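Chemist: See query_10.cif below, with mmCIF, C-alpha atoms.
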data_data
loop_
_atom_site.label_atom_id
_atom_site.label_comp_id
_atom_site.auth_asym_id
_atom_site.auth_seq_id
_atom_site.Cartn_x
_atom_site.Cartn_y
_atom_site.Cartn_z
CA MET A 190 50.32 25.99 -118.93
CA SER A 191 48.68 28.72 -116.83
CA GLY A 192 47.38 26.23 -114.29
CA ALA A 193 50.26 23.77 -114.39
CA GLN A 194 53.05 26.30 -113.88
CA LEU A 195 52.16 26.72 -110.21
CA PHE A 196 52.68 23.02 -109.53
CA ILE A 197 55.76 22.81 -111.78
CA ARG A 198 57.49 25.51 -109.79
CA GLU A 199 56.73 23.72 -106.54
CA ASP A 200 57.66 20.24 -107.76
CA LEU A 201 60.84 20.96 -109.72
CA GLY A 202 61.99 23.99 -107.74
CA LEU A 203 62.13 26.37 -110.70
CA THR A 204 62.71 30.07 -110.25
CA GLY A 205 60.23 32.72 -111.26
CA VAL A 206 62.34 33.70 -114.28
CA GLN A 207 62.50 30.10 -115.46
CA VAL A 208 58.75 29.73 -115.25
CA GLU A 209 58.25 32.97 -117.16
CA VAL A 210 60.65 31.90 -119.92
CA LEU A 211 59.02 28.47 -120.10
CA THR A 212 55.59 30.02 -120.43
CA GLY A 213 56.47 32.70 -122.98
CA SER A 214 58.86 30.63 -125.07
CA MET A 215 56.02 29.29 -127.19
CA ASN A 216 55.62 32.61 -129.00
CA LEU A 217 59.30 32.52 -129.96
CA PHE A 218 59.35 28.85 -130.92
CA MET A 219 56.27 29.26 -133.09
CA LEU A 220 58.22 31.53 -135.44
CA VAL A 221 60.07 28.47 -136.71
CA SER A 222 56.88 26.62 -137.55
CA PHE A 223 55.32 29.73 -139.07
CA LEU A 224 58.20 30.03 -141.53
CA ALA A 225 58.19 26.31 -142.37
CA ALA A 226 54.42 25.78 -142.52
CA GLY A 227 54.00 26.98 -146.10
CA TRP A 228 56.88 24.85 -147.37
CA ALA A 229 55.55 21.77 -145.55
CA ALA A 230 52.00 22.35 -146.83
CA ASP A 231 53.21 22.52 -150.44
CA LEU A 232 55.40 19.46 -150.02
CA MET A 233 53.14 17.15 -148.03
CA GLY A 234 49.75 18.61 -148.78
CA ARG A 235 47.41 20.45 -146.46
CA ARG A 236 45.96 17.30 -144.97
CA GLY A 237 49.32 15.63 -144.42
CA THR A 238 50.68 18.76 -142.72
CA LEU A 239 47.70 18.86 -140.37
CA VAL A 240 48.31 15.24 -139.40
CA LEU A 241 51.96 16.08 -138.76
CA ALA A 242 50.91 19.07 -136.64
CA ASN A 243 48.70 16.86 -134.46
CA ALA A 244 51.57 14.39 -134.10
CA PHE A 245 53.76 17.21 -132.79
CA LEU A 246 51.01 18.30 -130.41
CA MET A 247 50.55 14.81 -129.00
CA ALA A 248 54.29 14.20 -128.67
CA GLY A 249 54.81 17.58 -127.02
CA ALA A 250 52.03 17.00 -124.48
CA LEU A 251 53.41 13.59 -123.51
CA ALA A 252 56.95 14.98 -123.29
CA MET A 253 55.77 17.82 -121.04
CA SER A 254 54.02 15.36 -118.73
CA ALA A 255 57.18 13.25 -118.45
CA GLY A 256 59.65 16.13 -118.10
CA ALA A 257 61.92 15.93 -115.08
CA SER A 258 64.09 19.02 -115.58
CA TYR A 259 63.92 22.55 -116.92
CA ALA A 260 65.81 21.63 -120.11
CA ALA A 261 63.45 18.73 -120.81
CA LEU A 262 60.42 20.96 -120.39
CA MET A 263 61.91 23.56 -122.75
CA ALA A 264 62.53 20.89 -125.40
CA ALA A 265 58.98 19.58 -125.02
CA ARG A 266 57.68 23.12 -125.23
CA PHE A 267 59.48 23.56 -128.55
CA VAL A 268 57.88 20.40 -129.96
CA THR A 269 54.44 21.59 -128.88
CA SER A 270 55.05 25.03 -130.39
CA VAL A 271 55.90 23.52 -133.78
CA GLY A 272 52.59 21.65 -133.78
CA VAL A 273 50.65 24.75 -132.77
CA GLY A 274 52.26 26.85 -135.50
CA PHE A 275 51.61 24.28 -138.21
CA ALA A 276 47.99 23.88 -137.15
CA ARG A 277 47.30 27.61 -136.97
CA VAL A 278 48.72 28.36 -140.43
CA VAL A 279 47.69 25.32 -142.45
CA ALA A 280 44.19 24.99 -140.98
CA ALA A 281 43.30 28.51 -142.12
CA VAL A 282 44.75 27.87 -145.59
CA TYR A 283 42.91 24.56 -145.97
CA ASN A 284 39.70 26.13 -144.74
CA ALA A 285 39.85 28.88 -147.36
CA GLU A 286 40.81 26.54 -150.22
CA ILE A 287 38.17 23.86 -149.73
CA SER A 288 35.11 25.78 -148.54
CA PRO A 289 32.61 27.20 -151.06
CA ALA A 290 31.83 30.88 -151.12
CA SER A 291 28.48 30.36 -149.38
CA THR A 292 30.02 28.92 -146.18
CA ARG A 293 33.59 30.28 -146.26
CA GLY A 294 32.91 33.07 -143.80
CA VAL A 295 31.14 30.77 -141.33
CA LEU A 296 33.91 28.18 -141.41
CA SER A 297 36.59 30.83 -140.92
CA SER A 298 34.74 32.14 -137.87
CA LEU A 299 34.30 28.62 -136.46
CA LEU A 300 38.06 28.09 -136.61
CA ASP A 301 38.75 30.99 -134.24
CA MET A 302 35.79 30.11 -132.07
CA PHE A 303 36.94 26.53 -131.55
CA VAL A 304 40.43 27.73 -130.63
CA ASN A 305 38.88 29.67 -127.77
CA VAL A 306 36.76 26.67 -126.85
CA GLY A 307 39.95 24.61 -126.57
CA ILE A 308 41.51 27.22 -124.30
CA LEU A 309 38.41 27.11 -122.12
CA LEU A 310 38.60 23.32 -121.90
CA SER A 311 42.22 23.60 -120.76
CA TYR A 312 41.12 25.81 -117.87
CA VAL A 313 38.45 23.26 -116.99
CA SER A 314 41.07 20.51 -117.08
CA ASN A 315 43.35 22.49 -114.78
CA PHE A 316 40.52 22.98 -112.30
CA ALA A 317 39.57 19.30 -112.42
CA PHE A 318 43.10 18.06 -111.66
CA ALA A 319 44.10 20.80 -109.23
CA GLY A 320 43.22 18.59 -106.25
CA LEU A 321 45.85 15.97 -107.10
CA PRO A 322 49.26 15.96 -105.37
CA ALA A 323 51.69 18.60 -106.65
CA HIS A 324 54.08 16.08 -108.18
CA LEU A 325 51.25 14.40 -110.11
CA GLY A 326 48.67 17.07 -110.87
CA TRP A 327 50.60 19.07 -113.48
CA ARG A 328 51.71 15.89 -115.27
CA VAL A 329 48.12 14.72 -115.63
CA MET A 330 47.14 18.16 -116.93
CA PHE A 331 49.67 17.90 -119.76
CA ALA A 332 48.92 14.23 -120.43
CA ALA A 333 45.26 15.10 -120.95
CA GLY A 334 46.35 17.40 -123.75
CA ALA A 335 47.48 14.40 -125.78
CA LEU A 336 43.92 13.14 -126.33
CA PRO A 337 42.50 15.93 -128.60
CA PRO A 338 45.27 15.58 -131.24
CA VAL A 339 44.41 11.90 -131.62
CA PHE A 340 40.81 12.70 -132.51
CA LEU A 341 41.89 15.62 -134.69
CA ALA A 342 44.31 13.47 -136.70
CA ALA A 343 41.62 10.84 -137.22
CA GLY A 344 39.20 13.52 -138.39
CA VAL A 345 41.73 15.04 -140.77
CA LEU A 346 42.25 11.66 -142.45
CA ALA A 347 38.53 11.55 -143.19
CA ILE A 348 38.38 14.90 -144.98
CA PRO A 349 39.40 15.41 -148.62
CA GLU A 350 42.65 16.99 -149.75
CA SER A 351 42.78 20.61 -150.81
CA PRO A 352 41.77 21.00 -154.48
CA ARG A 353 44.38 23.68 -155.01
CA TRP A 354 47.17 21.38 -153.87
CA LEU A 355 45.82 18.64 -156.15
CA VAL A 356 45.91 21.03 -159.11
CA MET A 357 49.47 22.02 -158.19
CA ARG A 358 50.38 18.34 -158.46
CA GLY A 359 48.59 17.93 -161.80
CA ARG A 360 45.80 15.77 -160.35
CA HIS A 361 42.94 17.65 -161.96
CA GLY A 362 40.49 14.76 -161.88
CA GLU A 363 40.79 14.37 -158.13
CA ALA A 364 40.49 18.11 -157.68
CA ARG A 365 37.28 18.11 -159.74
CA ALA A 366 35.86 15.33 -157.57
CA VAL A 367 36.68 17.23 -154.36
CA LEU A 368 35.12 20.42 -155.70
CA ALA A 369 32.00 18.52 -156.71
CA ARG A 370 31.63 17.35 -153.10
CA THR A 371 32.23 20.74 -151.53
CA SER A 372 30.43 23.02 -154.00
CA ASP A 373 26.74 23.87 -154.05
CA THR A 374 26.28 23.10 -157.76
CA ALA A 375 28.22 21.38 -160.53
CA ALA A 376 28.57 24.67 -162.39
CA GLU A 377 30.17 26.22 -159.33
CA ALA A 378 32.59 23.30 -159.10
CA ASP A 379 33.67 23.81 -162.72
CA LEU A 380 34.07 27.54 -162.18
CA ARG A 381 36.18 27.04 -159.05
CA LEU A 382 38.34 24.50 -160.83
CA GLU A 383 38.96 26.90 -163.72
CA GLU A 384 39.88 29.70 -161.32
CA ILE A 385 42.25 27.46 -159.40
CA MET A 386 43.95 26.26 -162.57
CA GLN A 387 44.43 29.83 -163.79
CA ALA A 388 45.82 30.95 -160.43
CA VAL A 389 48.21 28.01 -160.20
CA SER A 390 49.35 28.49 -163.79
CA ALA A 391 49.98 32.19 -163.20
CA SER A 392 51.97 31.52 -160.01
CA GLN A 393 54.18 28.91 -161.65
CA GLN A 394 55.08 30.98 -164.74
CA PRO A 395 57.86 33.60 -164.46
CA ALA A 396 56.63 37.16 -164.70
CA ALA A 397 57.29 38.66 -168.13
CA VAL A 398 58.99 42.04 -168.09
CA ALA A 399 57.58 44.34 -170.74
CA PRO A 400 60.06 46.67 -172.45
CA ALA A 401 59.85 50.32 -171.53
CA ALA A 402 58.14 52.70 -173.92
CA CYS A 403 60.67 55.40 -174.72
CA GLY A 404 58.10 57.73 -176.20
CA ARG A 405 56.64 58.38 -172.75
CA ARG A 406 57.74 60.77 -170.08
CA CYS A 407 61.10 59.60 -168.81
CA SER A 408 62.72 60.52 -165.52
CA CYS A 409 66.36 61.19 -166.22
CA GLY A 410 68.76 60.90 -163.37
CA ARG A 411 71.84 59.68 -165.27
CA ARG A 412 73.41 59.87 -168.74
CA GLY A 413 71.77 57.35 -171.08
CA ALA A 414 70.45 56.63 -174.55
CA CYS A 415 68.02 54.34 -176.33
CA ALA A 416 69.03 50.73 -176.77
CA GLY A 417 67.40 50.18 -180.17
CA SER A 418 65.64 51.70 -183.09
CA SER A 419 62.22 51.24 -181.52
CA SER A 420 60.84 50.53 -178.08
CA ALA A 421 58.86 47.56 -179.40
CA SER A 422 61.91 45.78 -180.80
CA SER A 423 64.53 46.05 -178.13
CA GLY A 424 63.29 48.35 -175.39
CA CYS A 425 65.30 51.07 -173.71
CA SER A 426 68.21 51.06 -171.35
CA SER A 427 70.20 53.57 -169.37
CA SER A 428 73.77 53.78 -168.20
CA SER A 429 72.49 54.31 -164.68
CA ARG A 430 71.85 51.46 -162.28
CA ARG A 431 68.14 51.38 -163.00
CA PRO A 432 66.62 48.27 -164.66
CA ALA A 433 65.98 48.44 -168.39
CA SER A 434 62.24 47.93 -167.83
CA THR A 435 61.80 51.29 -166.11
CA PRO A 436 60.95 54.32 -168.26
CA SER A 437 64.18 56.13 -167.40
CA CYS A 438 65.57 56.36 -170.94
CA CYS A 439 66.26 58.67 -173.86
CA THR A 440 68.31 61.18 -171.84
CA ALA A 441 71.64 62.72 -172.70
CA ARG A 442 72.80 64.88 -169.80
CA TRP A 443 73.31 64.80 -166.09
CA CYS A 444 70.17 66.26 -164.52
CA SER A 445 71.13 66.22 -160.84
CA GLY A 446 67.78 64.63 -160.02
CA ARG A 447 65.85 67.86 -160.54
CA PRO A 448 62.07 67.60 -161.05
CA ALA A 449 62.32 69.82 -164.13
CA CYS A 450 64.33 67.13 -165.91
CA ARG A 451 61.43 65.09 -167.30
CA ARG A 452 61.26 64.87 -171.08
CA THR A 453 59.51 63.27 -173.96
CA ALA A 454 62.15 61.89 -176.32
CA PRO A 455 61.77 59.47 -179.25
CA CYS A 456 63.48 56.15 -178.84
CA SER A 457 64.35 55.85 -182.51
CA ALA A 458 66.96 58.61 -182.43
CA PRO A 459 68.98 59.89 -179.48
CA PRO A 460 68.48 63.58 -178.80
CA SER A 461 70.88 66.08 -180.25
CA PRO A 462 73.60 67.32 -177.88
CA SER A 463 72.65 70.92 -178.54
CA GLY A 464 69.59 72.99 -179.27
CA TRP A 465 66.70 73.58 -176.87
CA SER A 466 63.30 75.09 -177.59
CA ARG A 467 60.57 76.28 -175.32
CA ARG A 468 57.07 75.29 -176.31
CA ALA A 469 53.63 76.43 -175.29
CA SER A 470 53.54 73.90 -172.47
CA SER A 471 56.25 75.96 -170.66
CA SER A 472 58.51 72.94 -170.47
CA TRP A 473 61.93 72.85 -172.05
CA ARG A 474 62.26 70.20 -174.75
CA ARG A 475 65.09 69.42 -177.11
CA SER A 476 64.53 70.43 -180.71
CA SER A 477 65.65 68.55 -183.79
CA PRO A 478 69.27 68.89 -185.04
CA THR A 479 68.16 70.81 -188.18
CA ALA A 480 66.16 73.30 -186.20
CA SER A 481 69.01 73.69 -183.76
CA ALA A 482 71.45 74.46 -186.57
CA GLY A 483 69.08 77.08 -188.03
CA ALA A 484 68.62 78.64 -184.64
CA ARG A 485 72.36 78.92 -184.12
CA SER A 486 72.89 80.55 -187.53
CA SER A 487 70.16 83.17 -187.04
CA SER A 488 70.08 83.90 -183.34
CA PRO A 489 71.65 82.58 -180.18
CA ALA A 490 70.01 79.66 -178.40
CA PRO A 491 67.39 80.70 -175.83
CA ARG A 492 68.35 80.60 -172.24
CA ALA A 493 66.38 79.02 -169.47
CA PRO A 494 64.41 81.44 -167.28
CA PRO A 495 65.72 82.15 -163.80
CA GLY A 496 65.16 79.29 -161.39
CA ARG A 497 64.94 76.67 -164.15
CA TRP A 498 67.72 74.21 -164.93
CA PRO A 499 67.64 73.09 -168.56
CA PRO A 500 68.65 69.44 -168.81
#
What would the structure in this file look like if it were written as structure tokens?
Modeler:
Amino acid sequence: MSGAQLFIREDLGLTGVQVEVLTGSMNLFMLVSFLAAGWAADLMGRRGTLVLANAFLMAGALAMSAGASYAALMAARFVTSVGVGFARVVAAVYNAEISPASTRGVLSSLLDMFVNVGILLSYVSNFAFAGLPAHLGWRVMFAAGALPPVFLAAGVLAIPESPRWLVMRGRHGEARAVLARTSDTAAEADLRLEEIMQAVSASQQPAAVAPAACGRRCSCGRRGACAGSSSASSGCSSSSRRPASTPSCCTARWCSGRPACRRTAPCSAPPSPSGWSRRASSSWRRSSPTASAGARSSSPAPRAPPGRWPP
């Protein structure tokens, strides 16, 4: 695009703003393909998505070479951007999923290196066709960009499918065969297959929410109580808008969100509404109902020291 835009502006009479928008629109259009690349790769497979990406690249290059107006060039630019986005996302995913640990770093580096090689070849192509007439030169530059996707699509059809995608589809035998071809040893292939199966199984199962342990330190911000006789049987809940899985339980008063309002309270019995005792840990904790009654009969309940807010 950097070399062709000079001839496009002269041939079609575009303004400077139109050329700038046409050049920079690819970054905006690629957002669509970035968001859809993962869904397409899971639906069609990594290899099928790469073939589709090369089809978009070839169609976009031919459409750019045949464009006769600014709107047609923008539409062709969108098609090309979709192919570029698919290829950039899915190629990296496929590379990581199929390569063994011994060559994964090298293959990841080659991917970025070949992208820069392709950019360099585009500059060479622009220089080679710059001597053609203005109405023909930029069209030949874009038409030449339709040849690499043809070879890329043919090469993609010759490579195996991603073993992770095969496991996601339940085709474990085919995944084992692919891993045997791409691993250094048979033991490594079995180990990779086991890891892939565990990862796929964990991603497909819903995450289990463990009940909160009410015997731990609970942050009280609202009035609440335990939801059962034990934390193991039914967990804890609160009348606040916090989820039941968070350890914000076993509280009985409004605490105004103060840091001092953090308690240890048993889940089996809600705390008594009255009676507070100060222990050696210098934190105010609620005493049992019996002890509270004895304290009220003998002496008044202790008060909180200045600056402390008893919950």
Chemist: Evaluate the PyMOL selection byres ((chain A and resi 248-259) around 8) here and jot the selected residues down as number ranges by chain.
Modeler: A: 201, 203, 207, 244-247, 260-263, 265-269, 327-335
Chemist: Could you jot down the atom CA of A:Ser270 to atom CA of A:Leu310 separation for me, Å, one decimal place?
Modeler: 18.6 Å
Chemist: Taking the file as shown, find all residues satisfying the PyMOL selection byres ((chain A and resi 288-296) around 9) and write them as an MDAnalysis selection string.
Modeler: chainID A and resid 283:287 297:300 368 371:373 377:378 381
Chemist: One decimal, in Å: what's the spacing between atom CA of A:Ser311 and atom CA of A:Leu224?
Modeler: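 One can read the atom CA of A:Ser311 to atom CA of A:Leu224 distance as 27.0 Å.
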Chemist: For A:Gly202, which of A:Ala342, A:His324, A:Val279, A:Asn216 is the closest residue, counting only C-alpha atoms?
Modeler: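 The answer is A:His324, which sits nearest to A:Gly202.
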Chemist: Of the candidates A:Leu321, A:Val389, A:Val240, A:Ala376, which one gets nearest to A:Ile348 if we count all atoms listed in the file?
Modeler: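 The shortest atom-to-atom distance to A:Ile348 comes from A:Val240.
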Chemist: Can you work out which one of A:Ala230, A:Val313, A:Leu241, A:Val206 has the shortest atom-to-atom distance to A:Ala343, counting all atoms listed in the file?
Modeler: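 For A:Ala343, the nearest of the given residues is A:Leu241.
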Chemist: Between atom CA of A:Asn243 and atom CA of A:Pro338, what is the distance, to one decimal in Å?
Modeler: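 We find that atom CA of A:Asn243 and atom CA of A:Pro338 lie 4.9 Å from each other.
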Chemist: Env of A:Leu382: 10 Å cut, atoms = all atoms listed in the file, seq-sep filter 2 positions within chain, self excluded. Answer as a count of residues only.
Modeler: 19
Chemist: Determine the residue set returned by the PyMOL selection byres ((chain A and resi 222) around 10) for the present structure, and present it as a ChimeraX atom specification.
Modeler: /A:217-221,223-229,242,267-268,270-278
Chemist: Pick from A:Ile308, A:Glu383, A:Arg236, A:Gly205: nearest to A:Gly344, with all atoms listed in the file counted?
Modeler: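 So, comparing all the options, the nearest one is A:Arg236.
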Chemist: Measuring atom to atom with all atoms listed in the file, identify which of A:Gly326, A:Gly359, A:Pro337, A:Pro349 is nearest to A:Ala193.
Modeler: A:Gly326
